[in-house]
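Student: File name input-v4.txt; file contents compact mmCIF, C-alpha atoms; full text below.
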# COMPACT_ATOMS: atom_id res chain seq x y z
CA MET A 1 13.01 12.64 11.81
CA ILE A 2 9.55 13.26 10.46
CA VAL A 3 8.80 16.96 10.17
CA GLY A 4 5.28 18.32 10.21
CA ASN A 5 3.58 21.67 10.16
CA LEU A 6 0.36 22.70 11.85
CA LYS A 7 -2.61 23.05 9.50
CA PRO A 8 -4.20 26.51 9.19
CA LEU A 9 -6.50 27.17 12.14
CA GLU A 10 -9.51 27.72 9.82
CA GLU A 11 -9.02 24.28 8.28
CA ILE A 12 -8.82 22.64 11.71
CA ILE A 13 -11.95 24.46 12.92
CA GLU A 14 -13.86 23.42 9.80
CA SER A 15 -12.81 19.80 10.26
CA LEU A 16 -14.15 19.81 13.83
CA GLY A 17 -17.71 20.09 12.45
CA ASP A 18 -20.37 19.78 15.14
CA TYR A 19 -18.41 17.61 17.54
CA LYS A 20 -18.91 18.80 21.10
CA ASN A 21 -16.25 16.89 23.04
CA ILE A 22 -12.86 16.90 21.39
CA PHE A 23 -9.79 15.14 22.67
CA ILE A 24 -6.63 16.94 21.50
CA LEU A 25 -3.75 14.50 21.49
CA GLY A 26 -0.15 15.61 21.14
CA CYS A 27 2.67 13.29 20.15
CA GLY A 28 5.95 13.25 22.10
CA GLY A 29 7.97 11.94 19.14
CA CYS A 30 9.26 13.63 15.99
CA VAL A 31 6.55 16.32 15.77
CA SER A 32 7.40 17.36 19.31
CA VAL A 33 11.06 17.78 18.40
CA CYS A 34 10.20 19.93 15.36
CA LEU A 35 8.05 22.16 17.59
CA THR A 36 4.79 21.25 15.86
CA GLY A 37 2.81 18.63 17.72
CA GLY A 38 4.20 18.13 21.23
CA ASP A 39 2.52 18.78 24.56
CA ARG A 40 3.16 22.53 24.40
CA GLN A 41 1.69 22.85 20.91
CA ALA A 42 -1.29 20.70 21.91
CA HIS A 43 -2.10 23.08 24.77
CA GLN A 44 -1.49 26.11 22.56
CA LEU A 45 -3.84 24.72 19.93
CA ALA A 46 -6.51 24.06 22.56
CA THR A 47 -6.18 27.68 23.76
CA GLU A 48 -6.51 29.00 20.20
CA LEU A 49 -9.48 26.77 19.41
CA ASP A 50 -11.25 27.61 22.67
CA HIS A 51 -12.77 30.88 21.43
CA ILE A 52 -16.49 31.24 20.94
CA ARG A 53 -15.95 33.41 17.85
CA HIS A 54 -14.84 30.36 15.87
CA TYR A 55 -18.19 28.56 16.25
CA LYS A 56 -21.76 29.27 15.20
CA THR A 57 -23.47 26.81 17.53
CA GLY A 58 -21.44 26.99 20.72
CA LYS A 59 -17.83 26.03 21.24
CA PRO A 60 -16.82 22.43 21.89
CA LYS A 61 -15.15 21.20 25.06
CA PHE A 62 -11.46 20.39 24.64
CA THR A 63 -9.40 17.95 26.67
CA VAL A 64 -5.64 17.85 26.08
CA HIS A 65 -3.22 15.01 26.53
CA THR A 66 0.10 13.89 25.02
CA ILE A 67 1.45 10.39 24.57
CA GLU A 68 5.10 9.63 23.87
CA ARG A 69 4.43 8.23 20.35
CA GLN A 70 1.14 7.79 18.57
CA CYS A 71 2.52 5.29 16.07
CA GLU A 72 2.72 2.50 18.67
CA PRO A 73 -0.69 0.73 18.83
CA ASP A 74 0.23 -1.46 21.79
CA TRP A 75 1.17 1.63 23.80
CA LEU A 76 -2.13 3.25 22.86
CA LYS A 77 -4.03 0.16 23.94
CA GLU A 78 -2.21 -0.09 27.25
CA TYR A 79 -1.72 3.49 28.31
CA LEU A 80 -4.06 5.85 26.48
CA THR A 81 -7.36 6.57 28.15
CA ILE A 82 -9.83 8.49 26.04
CA PRO A 83 -12.11 10.67 28.19
CA GLU A 84 -15.73 9.58 28.36
CA ASN A 85 -18.16 11.17 25.85
CA THR A 86 -15.33 12.02 23.44
CA ASP A 87 -16.85 12.71 20.01
CA ALA A 88 -13.60 13.03 18.04
CA VAL A 89 -9.84 12.95 18.46
CA LEU A 90 -7.84 15.86 17.07
CA THR A 91 -4.31 14.54 16.75
CA LEU A 92 -1.09 16.46 16.30
CA ALA A 93 0.84 13.39 15.17
CA CYS A 94 2.32 12.76 11.74
CA GLY A 95 0.42 10.72 9.16
CA ALA A 96 1.71 7.48 10.66
CA GLY A 97 0.34 8.44 14.08
CA VAL A 98 -3.01 9.59 12.69
CA GLN A 99 -3.47 6.33 10.80
CA THR A 100 -2.48 4.25 13.80
CA MET A 101 -5.03 6.14 15.88
CA ALA A 102 -7.73 5.75 13.22
CA PHE A 103 -7.01 2.02 13.00
CA PHE A 104 -7.01 1.62 16.75
CA PHE A 105 -10.15 3.66 17.54
CA GLU A 106 -12.48 2.07 15.01
CA THR A 107 -15.63 3.97 15.98
CA LEU A 108 -14.07 7.33 16.81
CA PRO A 109 -13.38 9.97 14.15
CA VAL A 110 -9.69 10.92 14.09
CA ILE A 111 -8.89 14.38 12.71
CA PRO A 112 -5.37 15.44 11.71
CA ALA A 113 -4.16 18.84 12.88
CA VAL A 114 -0.76 18.54 11.25
CA ASN A 115 0.43 18.27 7.67
CA THR A 116 3.23 15.72 7.54
CA THR A 117 5.82 17.47 5.48
CA PHE A 118 9.09 15.58 5.06
CA MET A 119 11.91 13.59 6.62
CA GLY A 120 14.66 15.97 7.52
CA SER A 121 17.04 17.39 10.04
CA ASN A 122 17.36 20.47 12.21
CA VAL A 123 20.03 22.30 10.18
CA GLU A 124 19.99 25.38 12.43
CA PRO A 125 17.83 26.52 15.34
CA GLY A 126 14.28 26.77 14.10
CA VAL A 127 15.07 25.48 10.59
CA TRP A 128 14.31 21.98 9.34
CA GLN A 129 15.52 20.81 5.97
CA GLU A 130 14.32 17.88 3.88
CA MET A 131 17.07 15.29 3.66
CA CYS A 132 15.55 11.94 2.72
CA GLN A 133 12.69 10.56 0.65
CA GLY A 134 12.99 7.01 1.94
CA CYS A 135 13.80 5.46 -1.44
CA GLY A 136 14.76 2.22 0.31
CA ASP A 137 18.02 1.82 -1.63
CA CYS A 138 20.40 4.40 -0.17
CA MET A 139 23.18 5.66 -2.41
CA LEU A 140 24.54 8.41 -0.16
CA GLY A 141 27.85 6.55 -0.01
CA HIS A 142 28.42 7.46 -3.67
CA THR A 143 27.21 11.05 -3.50
CA GLY A 144 29.20 12.49 -0.62
CA GLY A 145 26.35 12.10 1.85
CA ILE A 146 24.08 14.44 -0.13
CA CYS A 147 20.89 12.94 -1.51
CA PRO A 148 20.05 14.10 -5.04
CA ILE A 149 16.57 12.57 -4.78
CA ALA A 150 15.58 14.61 -1.75
CA ARG A 151 17.65 17.71 -2.30
CA CYS A 152 17.46 18.33 -6.04
CA ALA A 153 14.27 20.26 -6.89
CA LYS A 154 13.78 17.93 -9.87
CA THR A 155 14.92 14.81 -7.98
CA LEU A 156 17.46 14.25 -10.74
CA PHE A 157 19.35 11.08 -10.06
CA ASN A 158 22.14 11.02 -12.61
CA GLY A 159 23.57 14.53 -12.61
CA PRO A 160 22.61 18.19 -12.71
CA CYS A 161 20.21 19.76 -15.17
CA GLY A 162 21.09 22.76 -17.33
CA GLY A 163 19.59 25.06 -14.73
CA SER A 164 22.40 24.67 -12.25
CA ASN A 165 23.95 28.13 -12.02
CA ASN A 166 27.00 28.90 -9.86
CA GLY A 167 25.89 26.32 -7.33
CA SER A 168 22.28 27.52 -7.21
CA CYS A 169 19.10 25.90 -8.45
CA GLU A 170 17.09 27.52 -11.22
CA VAL A 171 13.87 26.85 -9.28
CA ASP A 172 14.99 29.26 -6.55
CA LYS A 173 18.38 30.90 -6.19
CA LYS A 174 18.23 30.31 -2.43
CA ILE A 175 18.18 26.55 -3.02
CA PRO A 176 21.68 25.15 -3.49
CA CYS A 177 22.05 22.79 -6.45
CA ALA A 178 22.29 19.29 -4.97
CA TRP A 179 24.58 18.10 -7.74
CA ALA A 180 26.91 21.07 -7.30
CA MET A 181 27.06 20.25 -3.58
CA ILE A 182 27.78 16.62 -4.40
CA TYR A 183 30.59 17.64 -6.76
CA TYR A 184 32.26 19.95 -4.23
CA LYS A 185 31.90 17.45 -1.40
CA LEU A 186 33.39 14.61 -3.46
CA LYS A 187 36.21 16.90 -4.49
CA LYS A 188 36.96 17.67 -0.83
CA THR A 189 36.99 13.99 0.07
CA ASP A 190 39.04 13.03 -3.00
CA GLN A 191 36.21 10.84 -4.31
CA LEU A 192 35.45 12.50 -7.64
CA HIS A 193 36.02 9.16 -9.37
CA TYR A 194 32.64 8.10 -7.94
CA LEU A 195 31.00 10.36 -10.50
CA MET A 196 32.77 8.57 -13.34
CA LYS A 197 31.74 5.11 -12.28
CA VAL A 198 29.05 3.46 -14.42
CA ARG A 199 26.44 1.88 -12.18
CA GLU A 200 23.55 -0.50 -12.57
CA PRO A 201 20.17 1.22 -12.84
CA LYS A 202 18.76 2.00 -9.40
CA ASN A 203 16.15 -0.37 -8.08
CA TRP A 204 13.07 1.76 -7.44
CA GLN A 205 10.94 -1.08 -6.09
CA PRO A 206 11.97 -0.42 -2.46
CA ALA A 207 10.88 3.19 -3.02
CA GLY A 208 7.27 2.04 -3.05
CA GLY A 209 7.03 0.80 -6.63
CA ALA A 210 6.15 -2.65 -5.30
CA GLY A 211 3.27 -1.38 -3.17
CA PRO A 212 3.10 -0.10 0.43
CA ARG A 213 6.28 -1.01 2.23
CA LYS A 214 6.47 -3.16 5.29
CA LEU A 215 9.32 -4.21 7.54
CA VAL A 216 8.96 -7.49 9.40
CA ARG A 217 11.23 -8.61 12.22
CA PRO A 218 9.89 -12.12 12.83
CA PHE A 219 11.81 -12.71 16.04
CA ASN A 220 10.70 -9.53 17.77
CA LYS A 221 7.89 -11.13 19.71
CA PRO A 222 7.49 -11.82 23.42
CA LEU A 223 8.59 -15.26 24.54
CA MET B 1 22.74 9.95 38.07
CA ARG B 2 20.91 13.09 37.08
CA TYR B 3 20.71 13.34 33.28
CA PHE B 4 19.49 16.91 33.02
CA GLN B 5 22.12 19.14 34.52
CA VAL B 6 22.38 22.92 34.68
CA ASN B 7 25.58 24.77 35.50
CA ASP B 8 26.15 27.89 37.57
CA GLN B 9 25.53 30.16 34.56
CA CYS B 10 21.78 29.63 34.94
CA ASN B 11 20.05 32.84 36.04
CA GLY B 12 16.49 31.49 36.00
CA CYS B 13 15.38 33.43 32.91
CA LEU B 14 12.97 30.57 32.03
CA ALA B 15 13.87 30.53 28.31
CA CYS B 16 14.21 26.75 28.57
CA VAL B 17 10.91 26.30 30.39
CA GLN B 18 9.05 28.50 27.92
CA ASN B 19 10.54 26.82 24.87
CA CYS B 20 10.43 23.15 25.81
CA PRO B 21 8.08 21.58 23.23
CA ALA B 22 7.41 18.58 25.47
CA ASN B 23 6.60 20.61 28.61
CA ALA B 24 9.31 18.65 30.37
CA LEU B 25 10.67 21.63 32.31
CA ARG B 26 8.89 23.41 35.12
CA ALA B 27 9.64 26.43 37.27
CA GLU B 28 8.10 26.95 40.68
CA ASP B 29 8.54 30.15 42.64
CA SER B 30 8.37 29.40 46.32
CA THR B 31 8.72 32.04 49.02
CA ALA B 32 12.46 32.44 48.60
CA ASN B 33 13.54 30.43 45.55
CA ARG B 34 12.79 29.76 41.92
CA VAL B 35 13.04 25.99 41.49
CA LEU B 36 13.54 24.42 38.06
CA SER B 37 12.48 20.78 37.61
CA HIS B 38 12.93 18.37 34.74
CA ASN B 39 10.69 15.44 33.85
CA MET B 40 12.64 12.71 32.07
CA ALA B 41 9.53 10.79 30.99
CA ARG B 42 8.18 13.82 29.14
CA CYS B 43 11.54 14.91 27.72
CA ALA B 44 11.96 14.30 23.97
CA ARG B 45 15.70 15.04 24.23
CA CYS B 46 15.38 17.43 21.33
CA GLY B 47 17.98 19.77 22.84
CA ASN B 48 15.85 22.87 22.33
CA CYS B 49 16.51 24.00 25.92
CA TRP B 50 20.25 23.80 25.33
CA ARG B 51 19.91 25.50 21.96
CA ILE B 52 17.76 28.34 23.26
CA CYS B 53 19.53 29.02 26.58
CA PRO B 54 21.15 32.50 26.41
CA GLN B 55 23.45 31.65 29.33
CA LYS B 56 24.77 28.36 27.89
CA ALA B 57 23.79 26.87 31.22
CA ILE B 58 22.42 23.51 30.11
CA GLU B 59 24.92 20.66 30.19
CA PHE B 60 23.22 18.62 27.50
CA GLN B 61 26.12 16.17 27.22
CA PHE B 62 24.76 14.27 30.22
CA MET B 63 21.57 13.61 28.26
CA LEU B 64 23.64 12.08 25.49
CA GLU B 65 26.45 10.30 27.31
CA ASN B 66 24.50 9.45 30.46
CA GLY B 67 25.02 6.55 32.81
CA TRP B 68 23.27 3.33 33.62
CA ASP B 69 20.67 2.98 36.32
CA GLU B 70 20.40 -0.46 37.86
CA VAL B 71 16.74 -1.41 37.57
CA LYS B 72 16.77 -5.03 38.78
CA SER B 73 19.13 -7.70 40.07
CA LEU B 74 18.33 -11.35 39.38
CA GLU B 75 19.95 -14.57 40.56
CA LEU B 76 21.77 -16.40 37.76
CA VAL B 77 21.82 -20.00 36.54
CA PHE B 78 25.19 -21.25 35.25
CA CYS B 79 26.05 -23.91 32.69
CA ARG B 80 26.61 -27.10 34.62
CA VAL B 81 29.49 -28.06 32.30
CA CYS B 82 31.56 -24.90 31.86
CA GLY B 83 30.04 -22.53 34.42
CA VAL B 84 29.21 -19.59 32.13
CA PRO B 85 26.09 -17.65 33.15
CA ILE B 86 23.11 -18.63 30.99
CA TYR B 87 19.95 -17.06 32.30
CA SER B 88 18.24 -16.05 35.49
CA VAL B 89 16.49 -18.36 37.90
CA ASP B 90 13.22 -16.58 37.12
CA TYR B 91 13.71 -17.03 33.38
CA ARG B 92 14.36 -20.73 33.91
CA ARG B 93 11.13 -20.99 35.89
CA THR B 94 9.16 -19.26 33.11
CA LEU B 95 10.78 -21.53 30.53
CA SER B 96 9.93 -24.63 32.55
CA GLU B 97 6.32 -23.51 32.90
CA LYS B 98 6.00 -22.88 29.17
CA LEU B 99 7.71 -26.14 28.17
CA GLY B 100 6.06 -28.19 30.89
CA THR B 101 9.44 -29.70 31.79
CA GLU B 102 12.61 -28.73 33.63
CA SER B 103 15.31 -27.53 31.24
CA GLU B 104 18.92 -28.67 31.57
CA PRO B 105 21.11 -25.69 32.59
CA THR B 106 23.68 -25.84 29.80
CA CYS B 107 25.02 -23.14 27.52
CA SER B 108 24.36 -23.33 23.76
CA LYS B 109 27.77 -24.95 23.16
CA HIS B 110 27.37 -27.64 25.77
CA ARG B 111 23.68 -28.10 25.10
CA ASP B 112 24.63 -29.48 21.68
CA GLU B 113 27.33 -31.67 23.20
CA VAL B 114 24.99 -32.95 25.90
CA THR B 115 22.32 -33.59 23.28
CA ARG B 116 24.77 -35.51 21.10
CA ALA B 117 26.01 -37.52 24.08
CA ALA B 118 22.46 -38.29 25.18
CA LYS B 119 21.52 -39.30 21.65
CA ALA B 120 24.57 -41.57 21.35
CA HIS B 121 23.78 -43.08 24.73
CA PHE B 122 20.17 -43.59 23.74
CA LEU B 123 21.10 -45.22 20.43
CA LYS B 124 23.69 -47.44 22.09
CA ARG B 125 21.10 -48.63 24.59
CA LYS B 126 18.42 -49.08 21.96
CA SER B 127 20.50 -50.64 19.17
CA PRO B 128 20.35 -54.33 20.37
CA ASP B 129 16.56 -54.09 20.41
CA ILE B 130 16.53 -52.61 16.94
CA ARG B 131 18.78 -55.32 15.58
CA SER B 132 16.57 -57.91 17.15
CA ASP B 133 13.49 -56.33 15.61
CA LYS B 134 12.25 -58.90 13.10
CA ARG B 135 10.73 -56.23 10.90
CA GLY B 136 14.20 -54.73 10.50
CA GLY B 137 12.84 -51.18 10.18
CA ALA B 138 15.03 -48.15 10.29
CA ILE B 139 15.14 -45.98 13.38
Rewrite the coordinates I just gave you, this time as structure tokens.
Tutor:
Amino acid sequence: MIVGNLKPLEEIIESLGDYKNIFILGCGGCVSVCLTGGDRQAHQLATELDHIRHYKTGKPKFTVHTIERQCEPDWLKEYLTIPENTDAVLTLACGAGVQTMAFFFETLPVIPAVNTTFMGSNVEPGVWQEMCQGCGDCMLGHTGGICPIARCAKTLFNGPCGGSNNGSCEVDKKIPCAWAMIYYKLKKTDQLHYLMKVREPKNWQPAGGAGPRKLVRPFNKPL
Amino acid sequence: MRYFQVNDQCNGCLACVQNCPANALRAEDSTANRVLSHNMARCARCGNCWRICPQKAIEFQFMLENGWDEVKSLELVFCRVCGVPIYSVDYRRTLSEKLGTESEPTCSKHRDEVTRAAKAHFLKRKSPDIRSDKRGGAI
């Protein structure tokens, strides 16, 4: 899922400018699951922002709402009602949600409250780990299900660097070396021969080298 | 079927309510009881309630395995050749309205056969006229 982290409160307050009526919109999707931008965090943020000490010219009025996913423009059109007199929308969605909102509400400023951080998984309670960089040409089948692009600090694709030390990365000893992990995993699954295989160069065009990516399902339209 | 289920270990500590990121759990203290409620539409199924529960009281497997709720029952139309169900009566009506004509209730297999048979019949009927056409044009 997409993992995000709330921006510093000072940055959010500064971005609110002189707007007087602010609609805080949580997202019930990925950012809710990673405890960043769901309904609870939207209300918490409203409580934190609703202090007169943050503002020189009077505090704005906040209205809070959450929609299941902000990256679905037809949902927004059908089910999202923006309160009257709203000056700006402060959204807790990821970058995809913010851009969908900005596209959909042409005349309304949309302000992000979250930094979209990475695609990852919940490796233990309260800990999310980057797992994927969306290269568009997955090679996890050859690397024991461990992505060297996302999990090597240098995104090295063809093997470890000289800084791999007893399974740790030279960037930070707490970071395990992705290529060491790949080696041990392939050894466990009796697939070490994968490392010896000479492969064609990876196609980096699906990684974004051919411009912004788009997926089209031509048949997914109402009758 | 209730998807969100809590076992007898629950002691009402409210850890789940306080840690649900989607505000999908609610506790109400009435005169005699503390009542926990779950809102499926709000629930992100993140499993944080299950993860955080100190009593291991949340039976999250029902949120993952769950059952099927019947939401609608519609009368069917069957293929007039082989009798397999094709679509609903309502779908056929929509299709007819969009096409401006009544569709033949045949499955994809027999639709082709019926089309071929109709075409052959049509050609057979038309062929004497075509042969007699002085211009001798192709069909």
Student: Please produce, as JSON lines, a per-residue contact table for chain B versus chain A (criterion: any atom at most 12 Å away, all atoms listed in the file considered), showing the nearest atom pair and its distance in Å to one decimal, sorted by chain then residue number.
Tutor:
{"residue": "B:Val17", "atom": "CA", "partner": "A:Arg40", "partner_atom": "CA", "distance": 10.5}
{"residue": "B:Gln18", "atom": "CA", "partner": "A:Arg40", "partner_atom": "CA", "distance": 9.1}
{"residue": "B:Asn19", "atom": "CA", "partner": "A:Arg40", "partner_atom": "CA", "distance": 8.5}
{"residue": "B:Cys20", "atom": "CA", "partner": "A:Arg40", "partner_atom": "CA", "distance": 7.4}
{"residue": "B:Pro21", "atom": "CA", "partner": "A:Arg40", "partner_atom": "CA", "distance": 5.1}
{"residue": "B:Ala22", "atom": "CA", "partner": "A:Asp39", "partner_atom": "CA", "distance": 5.0}
{"residue": "B:Asn23", "atom": "CA", "partner": "A:Arg40", "partner_atom": "CA", "distance": 5.8}
{"residue": "B:Ala24", "atom": "CA", "partner": "A:Asp39", "partner_atom": "CA", "distance": 8.9}
{"residue": "B:Leu25", "atom": "CA", "partner": "A:Arg40", "partner_atom": "CA", "distance": 10.9}
{"residue": "B:Met40", "atom": "CA", "partner": "A:Glu68", "partner_atom": "CA", "distance": 11.6}
{"residue": "B:Ala41", "atom": "CA", "partner": "A:Glu68", "partner_atom": "CA", "distance": 8.5}
{"residue": "B:Arg42", "atom": "CA", "partner": "A:Glu68", "partner_atom": "CA", "distance": 7.4}
{"residue": "B:Cys43", "atom": "CA", "partner": "A:Gly28", "partner_atom": "CA", "distance": 8.1}
{"residue": "B:Ala44", "atom": "CA", "partner": "A:Gly28", "partner_atom": "CA", "distance": 6.4}
{"residue": "B:Arg45", "atom": "CA", "partner": "A:Val33", "partner_atom": "CA", "distance": 7.9}
{"residue": "B:Cys46", "atom": "CA", "partner": "A:Val33", "partner_atom": "CA", "distance": 5.2}
{"residue": "B:Gly47", "atom": "CA", "partner": "A:Val33", "partner_atom": "CA", "distance": 8.5}
{"residue": "B:Asn48", "atom": "CA", "partner": "A:Val33", "partner_atom": "CA", "distance": 8.0}
{"residue": "B:Cys49", "atom": "CA", "partner": "A:Pro125", "partner_atom": "CA", "distance": 11.0}
{"residue": "B:Trp50", "atom": "CA", "partner": "A:Pro125", "partner_atom": "CA", "distance": 10.6}
{"residue": "B:Arg51", "atom": "CA", "partner": "A:Pro125", "partner_atom": "CA", "distance": 7.0}
{"residue": "B:Ile52", "atom": "CA", "partner": "A:Pro125", "partner_atom": "CA", "distance": 8.1}
{"residue": "B:Cys53", "atom": "CA", "partner": "A:Pro125", "partner_atom": "CA", "distance": 11.6}
{"residue": "B:Tyr91", "atom": "CA", "partner": "A:Leu223", "partner_atom": "CA", "distance": 10.4}
{"residue": "B:Thr94", "atom": "CA", "partner": "A:Leu223", "partner_atom": "CA", "distance": 9.5}
{"residue": "B:Leu95", "atom": "CA", "partner": "A:Leu223", "partner_atom": "CA", "distance": 8.9}
{"residue": "B:Glu97", "atom": "CA", "partner": "A:Leu223", "partner_atom": "CA", "distance": 12.0}
{"residue": "B:Lys98", "atom": "CA", "partner": "A:Leu223", "partner_atom": "CA", "distance": 9.3}
{"residue": "B:Leu99", "atom": "CA", "partner": "A:Leu223", "partner_atom": "CA", "distance": 11.5}
Student: Residues near Arg2 (chain B), anyone? I mean within 10 Å using all atoms listed in the file, not counting same-chain ones fewer than 5 positions away, as a list in words.
Tutor: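 With the cut-off at 10 Å, the set is His38, Met40, Phe62, Met63, Asn66 and Gly67 of chain B.
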Student: Can you pull out every residue within 7 Å of Gln70 (chain A), counting all atoms listed in the file, but drop anything in the same chain fewer than 4 positions away, and send it as a list in words?
Tutor: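 Contacts, with the query itself left out: Cys27, Ala93, Gly97, Thr100 and Met101 of chain A.
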Student: Residues within 8 Å of Glu59 (chain B), please, as an mmCIF file with C-alpha atoms, keeping the file's coordinate frame. Count all atoms listed in the file; anything in the same chain fewer than 4 positions from it doesn't count.
Tutor:
data_model
loop_
_atom_site.group_PDB
_atom_site.id
_atom_site.type_symbol
_atom_site.label_atom_id
_atom_site.label_comp_id
_atom_site.auth_asym_id
_atom_site.auth_seq_id
_atom_site.Cartn_x
_atom_site.Cartn_y
_atom_site.Cartn_z
ATOM 1 C CA PHE B 4 19.490 16.910 33.020
ATOM 2 C CA GLN B 5 22.120 19.140 34.520
ATOM 3 C CA VAL B 6 22.380 22.920 34.680
ATOM 4 C CA ASN B 7 25.580 24.770 35.500
ATOM 5 C CA TRP B 50 20.250 23.800 25.330
#
Student: Name the closest residue to Gly208 (chain A) among the candidates A:Gln133, A:Thr57, A:Ser15, A:Thr155; distances are taken between atoms, counting only C-alpha atoms.
Tutor: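 Using only C-alpha atoms, the shortest distance to Gly208 (chain A) belongs to A:Gln133.
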Student: May I ask which of the residues A:Gln44, A:Thr91, A:Asn115, A:Thr81 is the closest one to Leu6 (chain A), counting all atoms listed in the file?
Tutor: A:Asn115
Student: With only C-alpha atoms as the atoms that count, which of A:Pro83, A:Gly167, A:Gly159, A:Gly145 lies nearest to Thr63 (chain A)?
Tutor: A:Pro83
Student: If I wrap all listed atoms of region 120-125 of chain B in a box with edges along x, y and z and add 8 Å on each side, what are its centre and edge lengths in Å to one decimal, as JSON?
Tutor:
{"center_x": 22.4, "center_y": -45.1, "center_z": 22.6, "size_x": 20.4, "size_y": 23.1, "size_z": 20.3}
Student: Skip Glu75 (chain B) itself and residues of its chain fewer than 2 positions away, then list as JSON, numbers by chain all residues within 8 Å of it, counting all atoms listed in the file.
Tutor: {"B": [73, 77, 88, 89, 90]}
